[in-house]
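Shown next: model10.txt, given as compact mmCIF, C-alpha atoms and all ligand atoms.
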```
# COMPACT_ATOMS: atom_id res chain seq x y z
CA MET A 1 0.00 0.00 0.00
CA ARG A 2 1.79 3.13 -1.20
CA LEU A 3 1.19 6.37 0.65
CA ALA A 4 1.66 9.84 -0.83
CA VAL A 5 2.23 12.75 1.53
CA LEU A 6 1.12 15.99 -0.15
CA GLY A 7 3.18 18.82 1.31
CA ALA A 8 6.84 18.55 2.27
CA GLY A 9 6.88 21.20 4.98
CA ALA A 10 7.22 20.66 8.72
CA LEU A 11 4.39 18.15 9.12
CA GLY A 12 4.70 16.36 5.77
CA SER A 13 8.45 15.83 6.21
CA ALA A 14 8.14 14.58 9.80
CA LEU A 15 5.22 12.23 9.11
CA GLY A 16 6.61 10.81 5.89
CA GLN A 17 10.13 10.28 7.19
CA ARG A 18 8.88 8.52 10.29
CA LEU A 19 6.76 6.20 8.15
CA VAL A 20 9.70 5.48 5.83
CA TYR A 21 11.74 4.58 8.93
CA ARG A 22 8.94 2.19 9.93
CA GLY A 23 9.13 0.46 6.53
CA TRP A 24 6.17 2.10 4.80
CA ASP A 25 6.19 2.72 1.04
CA VAL A 26 6.03 6.52 0.99
CA CYS A 27 6.40 9.22 -1.64
CA TRP A 28 5.84 12.98 -1.43
CA GLY A 29 3.81 15.29 -3.65
CA VAL A 30 5.02 18.88 -4.10
CA ARG A 31 4.37 21.80 -6.44
CA PRO A 32 5.26 20.90 -10.06
CA GLY A 33 8.87 21.93 -10.73
CA ASP A 34 9.75 21.82 -7.02
CA GLU A 35 10.73 18.14 -6.94
CA GLY A 36 14.46 18.95 -6.70
CA ARG A 37 13.99 21.43 -3.84
CA HIS A 38 13.42 18.79 -1.17
CA SER A 39 16.83 17.15 -0.82
CA HIS A 40 16.19 16.42 2.88
CA LEU A 41 13.68 13.77 1.79
CA ALA A 42 14.52 10.36 0.34
CA ALA A 43 15.94 10.79 -3.18
CA GLY A 44 13.68 9.66 -6.01
CA LEU A 45 10.55 9.73 -3.88
CA VAL A 46 9.45 13.32 -4.52
CA TYR A 47 7.00 13.92 -7.38
CA ALA A 48 4.62 16.62 -8.57
CA VAL A 49 1.32 16.34 -6.66
CA SER A 50 -0.62 14.78 -9.57
CA GLU A 51 2.00 12.09 -10.11
CA ALA A 52 2.25 11.28 -6.40
CA VAL A 53 -1.56 10.93 -6.19
CA ALA A 54 -1.59 8.66 -9.25
CA ARG A 55 1.05 6.40 -7.65
CA ALA A 56 -0.60 5.99 -4.24
CA GLN A 57 -3.64 4.37 -2.64
CA VAL A 58 -3.45 6.44 0.55
CA ILE A 59 -3.07 10.23 0.44
CA VAL A 60 -2.00 12.32 3.44
CA LEU A 61 -2.82 16.02 3.20
CA ALA A 62 -0.10 17.97 5.02
CA LEU A 63 -0.81 21.27 3.31
CA PRO A 64 -2.08 24.68 4.38
CA ALA A 65 -5.88 24.40 4.45
CA LYS A 66 -6.17 27.11 1.79
CA ALA A 67 -4.19 24.91 -0.64
CA VAL A 68 -6.67 22.04 -0.38
CA PRO A 69 -9.16 23.27 -3.04
CA VAL A 70 -6.23 23.85 -5.44
CA VAL A 71 -4.85 20.35 -4.91
CA ILE A 72 -8.20 18.53 -4.81
CA GLY A 73 -9.55 20.27 -7.93
CA ASP A 74 -12.60 18.44 -9.26
CA GLY A 75 -11.70 15.49 -7.04
CA ARG A 76 -11.46 12.92 -9.85
CA ALA A 77 -7.78 12.12 -9.24
CA PHE A 78 -8.68 11.08 -5.69
CA ALA A 79 -11.39 8.59 -6.68
CA SER A 80 -11.35 5.46 -4.50
CA ARG A 81 -8.30 6.68 -2.56
CA VAL A 82 -8.08 6.84 1.21
CA VAL A 83 -7.56 10.55 2.00
CA LEU A 84 -6.26 11.43 5.47
CA ASP A 85 -6.66 15.16 6.07
CA PHE A 86 -4.30 16.66 8.68
CA THR A 87 -5.03 20.33 7.92
CA THR A 88 -6.10 23.08 10.34
CA PRO A 89 -8.13 25.91 8.77
CA ALA A 90 -7.61 29.07 10.81
CA THR A 91 -7.67 32.81 10.29
CA SER A 92 -4.21 34.36 10.02
CA ASP A 93 -4.52 35.92 13.51
CA LEU A 94 -5.53 32.49 14.91
CA SER A 95 -8.70 34.02 16.39
CA CYS A 96 -11.06 31.39 14.93
CA THR A 97 -11.32 28.52 12.48
CA SER A 98 -12.04 29.39 8.85
CA PRO A 99 -13.75 26.26 7.50
CA PRO A 100 -15.36 25.99 4.07
CA ALA A 101 -19.17 26.03 3.75
CA GLU A 102 -19.30 22.23 4.18
CA GLY A 103 -18.32 22.73 7.85
CA SER A 104 -14.76 21.42 7.74
CA VAL A 105 -11.95 20.86 5.27
CA ALA A 106 -12.45 17.10 5.54
CA GLU A 107 -16.15 17.40 4.66
CA TYR A 108 -15.23 19.66 1.73
CA ILE A 109 -12.94 16.90 0.43
CA ALA A 110 -15.62 14.24 0.91
CA ALA A 111 -18.11 16.39 -1.03
CA ARG A 112 -15.64 16.81 -3.94
CA CYS A 113 -14.51 13.17 -3.93
CA PRO A 114 -17.60 11.04 -3.24
CA THR A 115 -15.83 7.71 -3.82
CA ALA A 116 -12.82 8.56 -1.64
CA LEU A 117 -12.57 7.28 1.93
CA VAL A 118 -11.92 10.49 3.87
CA ALA A 119 -10.73 10.82 7.46
CA LYS A 120 -9.78 13.82 9.55
CA VAL A 121 -6.73 13.33 11.72
CA PHE A 122 -5.90 15.75 14.53
CA THR A 123 -2.28 15.17 15.46
CA SER A 124 -2.66 16.67 19.00
CA MET A 125 1.03 17.64 18.87
CA GLY A 126 3.51 19.52 16.73
CA ALA A 127 5.69 18.15 13.94
CA GLU A 128 8.77 18.38 16.21
CA VAL A 129 7.24 15.78 18.52
CA ILE A 130 6.20 13.55 15.62
CA ALA A 131 9.82 13.53 14.49
CA ASP A 132 11.06 12.61 17.98
CA SER A 133 11.30 8.88 18.64
CA ASN A 134 12.28 9.24 22.33
CA LEU A 135 9.06 10.23 24.08
CA ASP A 136 8.09 9.39 27.66
CA VAL A 137 4.35 9.57 26.93
CA ARG A 138 2.73 7.82 23.97
CA PRO A 139 0.98 10.63 22.08
CA GLN A 140 -2.57 10.36 20.81
CA MET A 141 -3.96 11.23 17.40
CA PHE A 142 -7.70 11.77 16.99
CA VAL A 143 -9.51 10.34 13.97
CA ALA A 144 -12.97 11.06 12.55
CA ALA A 145 -14.34 9.07 9.60
CA ASP A 146 -17.58 7.60 8.29
CA ARG A 147 -16.47 4.14 7.22
CA ARG A 148 -14.81 1.29 9.05
CA ALA A 149 -12.30 0.76 6.20
CA THR A 150 -11.18 4.38 6.50
CA TYR A 151 -10.72 4.06 10.24
CA GLU A 152 -8.67 0.91 9.74
CA VAL A 153 -6.19 2.61 7.40
CA ALA A 154 -5.96 5.74 9.58
CA GLU A 155 -5.40 3.65 12.69
CA ARG A 156 -2.70 1.56 10.98
CA LEU A 157 -0.88 4.77 10.10
CA VAL A 158 -1.22 6.25 13.59
CA GLU A 159 0.02 3.03 15.18
CA ALA A 160 2.92 2.79 12.70
CA LEU A 161 3.95 6.23 13.92
CA GLY A 162 4.06 4.74 17.42
CA PHE A 163 1.04 6.73 18.62
CA GLU A 164 -2.41 5.84 19.95
CA ALA A 165 -5.47 6.45 17.75
CA VAL A 166 -8.53 7.92 19.47
CA ARG A 167 -11.85 7.58 17.63
CA ALA A 168 -13.76 10.87 17.59
CA GLY A 169 -16.85 9.75 15.67
CA ARG A 170 -18.13 10.35 12.17
CA LEU A 171 -16.60 12.67 9.58
CA ARG A 172 -19.03 15.43 10.65
CA GLN A 173 -16.95 15.65 13.83
CA ALA A 174 -13.97 16.78 11.73
CA ARG A 175 -15.08 20.34 12.55
CA LEU A 176 -14.42 19.61 16.23
CA LEU A 177 -10.96 18.22 15.46
CA GLU A 178 -10.17 21.28 13.34
CA ALA A 179 -11.17 23.50 16.27
CA MET A 180 -8.90 21.40 18.51
CA GLY A 181 -6.10 21.99 16.01
CA LEU A 182 -6.59 25.71 16.45
CA LEU A 183 -6.72 25.33 20.24
CA TRP A 184 -3.38 23.49 20.12
CA LEU A 185 -1.88 26.18 17.90
CA ARG A 186 -3.09 28.98 20.19
CA LEU A 187 -1.81 27.27 23.32
CA ALA A 188 1.57 26.65 21.69
CA THR A 189 2.01 30.16 20.27
CA VAL A 190 -0.39 32.88 21.51
CA GLU A 191 -0.43 31.46 25.07
CA ARG A 192 3.32 30.70 24.82
CA ARG A 193 3.28 27.16 26.12
CA GLY A 194 5.69 26.08 23.39
CA ARG A 195 5.42 23.61 20.54
CA ARG A 196 6.24 20.49 22.57
CA ILE A 197 2.82 20.42 24.28
CA GLY A 198 0.19 17.80 23.41
CA LEU A 199 -3.53 17.31 24.03
CA ARG A 200 -4.76 13.93 25.24
CA VAL A 201 -7.73 12.11 26.77
CA VAL A 202 -7.19 11.13 30.41
CA SER A 203 -9.39 9.25 32.90
CA TYR A 204 -9.71 10.52 36.48
N1 LIG B 1 3.52 21.73 11.72
C1 LIG B 1 2.77 21.15 12.64
O1 LIG B 1 3.23 20.91 13.77
C2 LIG B 1 1.35 20.74 12.34
C3 LIG B 1 0.68 19.93 13.25
C4 LIG B 1 -0.63 19.54 12.97
C5 LIG B 1 -1.26 19.97 11.82
N2 LIG B 1 -0.59 20.78 10.96
C6 LIG B 1 -1.28 21.21 9.74
O2 LIG B 1 -0.60 20.62 8.65
C7 LIG B 1 -0.63 21.49 7.53
C8 LIG B 1 0.80 21.76 7.08
O3 LIG B 1 1.48 22.42 8.15
P1 LIG B 1 3.05 22.62 8.11
O4 LIG B 1 3.42 23.16 9.42
O5 LIG B 1 3.74 21.39 7.59
O6 LIG B 1 3.17 23.80 7.02
P2 LIG B 1 4.45 24.18 6.17
O7 LIG B 1 5.69 23.84 6.90
O8 LIG B 1 4.23 25.59 5.74
O9 LIG B 1 4.35 23.21 4.89
C9 LIG B 1 3.30 23.30 3.98
C10 LIG B 1 3.77 22.65 2.70
O10 LIG B 1 2.68 22.66 1.77
C11 LIG B 1 3.22 23.07 0.51
N3 LIG B 1 2.19 23.62 -0.35
C12 LIG B 1 1.45 24.73 -0.17
N4 LIG B 1 0.59 24.89 -1.19
C13 LIG B 1 0.82 23.86 -2.05
C14 LIG B 1 0.25 23.46 -3.28
N5 LIG B 1 -0.73 24.17 -3.87
N6 LIG B 1 0.72 22.32 -3.88
C15 LIG B 1 1.69 21.60 -3.29
N7 LIG B 1 2.27 21.91 -2.11
C16 LIG B 1 1.83 23.03 -1.51
C17 LIG B 1 4.26 24.10 0.87
O11 LIG B 1 5.10 24.31 -0.21
P3 LIG B 1 5.80 25.75 -0.41
O12 LIG B 1 6.90 25.79 0.61
O13 LIG B 1 6.27 25.71 -1.81
O14 LIG B 1 4.73 26.79 -0.15
C18 LIG B 1 4.94 23.41 2.06
O15 LIG B 1 5.88 22.45 1.64
C19 LIG B 1 -1.38 22.75 7.97
O16 LIG B 1 -2.73 22.66 7.58
C20 LIG B 1 -1.23 22.72 9.48
O17 LIG B 1 -2.29 23.40 10.12
C21 LIG B 1 0.71 21.17 11.19
```

Before we go any further, please render this structure as structure tokens.
Ligand SMILES: NC(=O)c1ccc[n+]([C@@H]2O[C@H](COP(=O)([O-])OP(=O)(O)OC[C@H]3O[C@@H](n4cnc5c(N)ncnc54)[C@H](OP(=O)(O)O)[C@@H]3O)[C@@H](O)[C@H]2O)c1
Amino acid sequence: MRLAVLGAGALGSALGQRLVYRGWDVCWGVRPGDEGRHSHLAAGLVYAVSEAVARAQVIVLALPAKAVPVVIGDGRAFASRVVLDFTTPATSDLSCTSPPAEGSVAEYIAARCPTALVAKVFTSMGAEVIADSNLDVRPQMFVAADRRATYEVAERLVEALGFEAVRAGRLRQARLLEAMGLLWLRLATVERRGRRIGLRVVSY
């Protein structure tokens, strides 16, 4: 099962490299013409977005939320793919979420790609922590999806990263996970708690 990570920034690099280390078949999708700009990633595994999507069964979206409509287009290239959306739509001042009319970025993707299996994944931590293999606490990632098959792929990925998957309900709950993404970002930056914080479910 080949996985394409769209976006080779902080999150896309950390996620993809960790999965490569765990033996997954990963490639990256970047802007056309930018393939040579990402020498920190495994050589020969960086393609233009359309080529990476064509080569993979599972697509990870590690892009700015505003780039999603550009990359998804009419959705046809994503037919029958599993699409795992890690984006956080937020206003530039981080005062609130800025979701599309569908309610969340993940629901926007599902509306454009009706045959795709779409999940929202909230990382609950920053890319720096994802890249770190020496953690005292096993981090959690939250997943929302409509179909069991989608959950199974998302949970395999989260567990391959060494993290615990937490089910958050149906894809409609993606809007809650996107709001949690903004909460994390505000705590880390505006409230100055630093980027090594995480959010998790605890029992008392
Ligand atoms: N970083 C984190 O800790 C973290 C954690 C959880 C969730 N997220 C979410 O993950 C997403 C990515 O965050 P990030 O921190 O990795 O951002 P980033 O470092 O800015 O990386 C974004 C990447 O997307 C690429 N990109 C933008 N528009 C594109 C397009 N139209 N086609 C192809 N590639 C495009 C950028 O390429 P260029 O450099 O050429 O613009 C860049 O490589 C965001 O939605 C963010 O909210 C991030």

Near-ligand residues for ligand LIG 1 (chain B), threshold 9 Å, only C-alpha atoms and all ligand atoms, as number ranges by chain = A: 6-14, 29-32, 34, 38, 48-49, 61-71, 85-90, 121-130, 178, 181-182, 184-185, 195

Who sits within 7 Å of A:Asp146, all atoms listed in the file, same chain under 2 positions skipped, as number ranges by chain | A: 148, 170-171

Atom-to-atom span, atom CA of A:Arg192 and atom CA of A:Ala144, Å =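 Answer for the atom CA of A:Arg192 to atom CA of A:Ala144 separation: 28.3 Å.
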
Hey, what's within 12 Å of stretch 154-159 of chain A if we count all atoms listed in the file and toss same-chain stuff fewer than 6 positions away? As a PyMOL selection string, please?
-> chain A and resi 1-3+15-16+18-20+22-26+58-60+82-86+117-124+130+138-148+165-167

What is the atom CA of A:Asp74-atom CA of A:Ala101 distance in Å, reported with one decimal?
->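 Computed distance, atom CA of A:Asp74 to atom CA of A:Ala101, equals 16.4 Å.
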
Please indicate the distance in Å from atom CA of A:Glu164 to atom CA of A:Leu199, rounded to one decimal place.
->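 That distance, rounded to one decimal, is 12.2 Å.
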
Around all listed atoms of stretch 20-32 of chain A, padded 4 Å per side, what centre and edge lengths does the axis-aligned box have in Å to one decimal, as AutoDock Vina command-line options?
```
--center_x 7.8 --center_y 11.1 --center_z -0.1 --size_x 15.9 --size_y 29.3 --size_z 28.0
```

Kindly indicate which residue among A:Thr115, A:Ser104, A:Ser133, A:Thr150 lies nearest to A:Leu176, using all atoms listed in the file for the distances.
->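 That would be A:Ser104, the residue with the smallest distance to A:Leu176.
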
For A:Trp28, which residue among A:Val53, A:Ala4, A:Ala42, A:Ala106 is the nearest when counting all atoms listed in the file?
->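 The shortest atom-to-atom distance to A:Trp28 comes from A:Ala4.
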
Option closest in space to A:Tyr108, from A:Arg175, A:Gly44, A:Val153, A:Arg76 [counting all atoms listed in the file] = A:Arg175
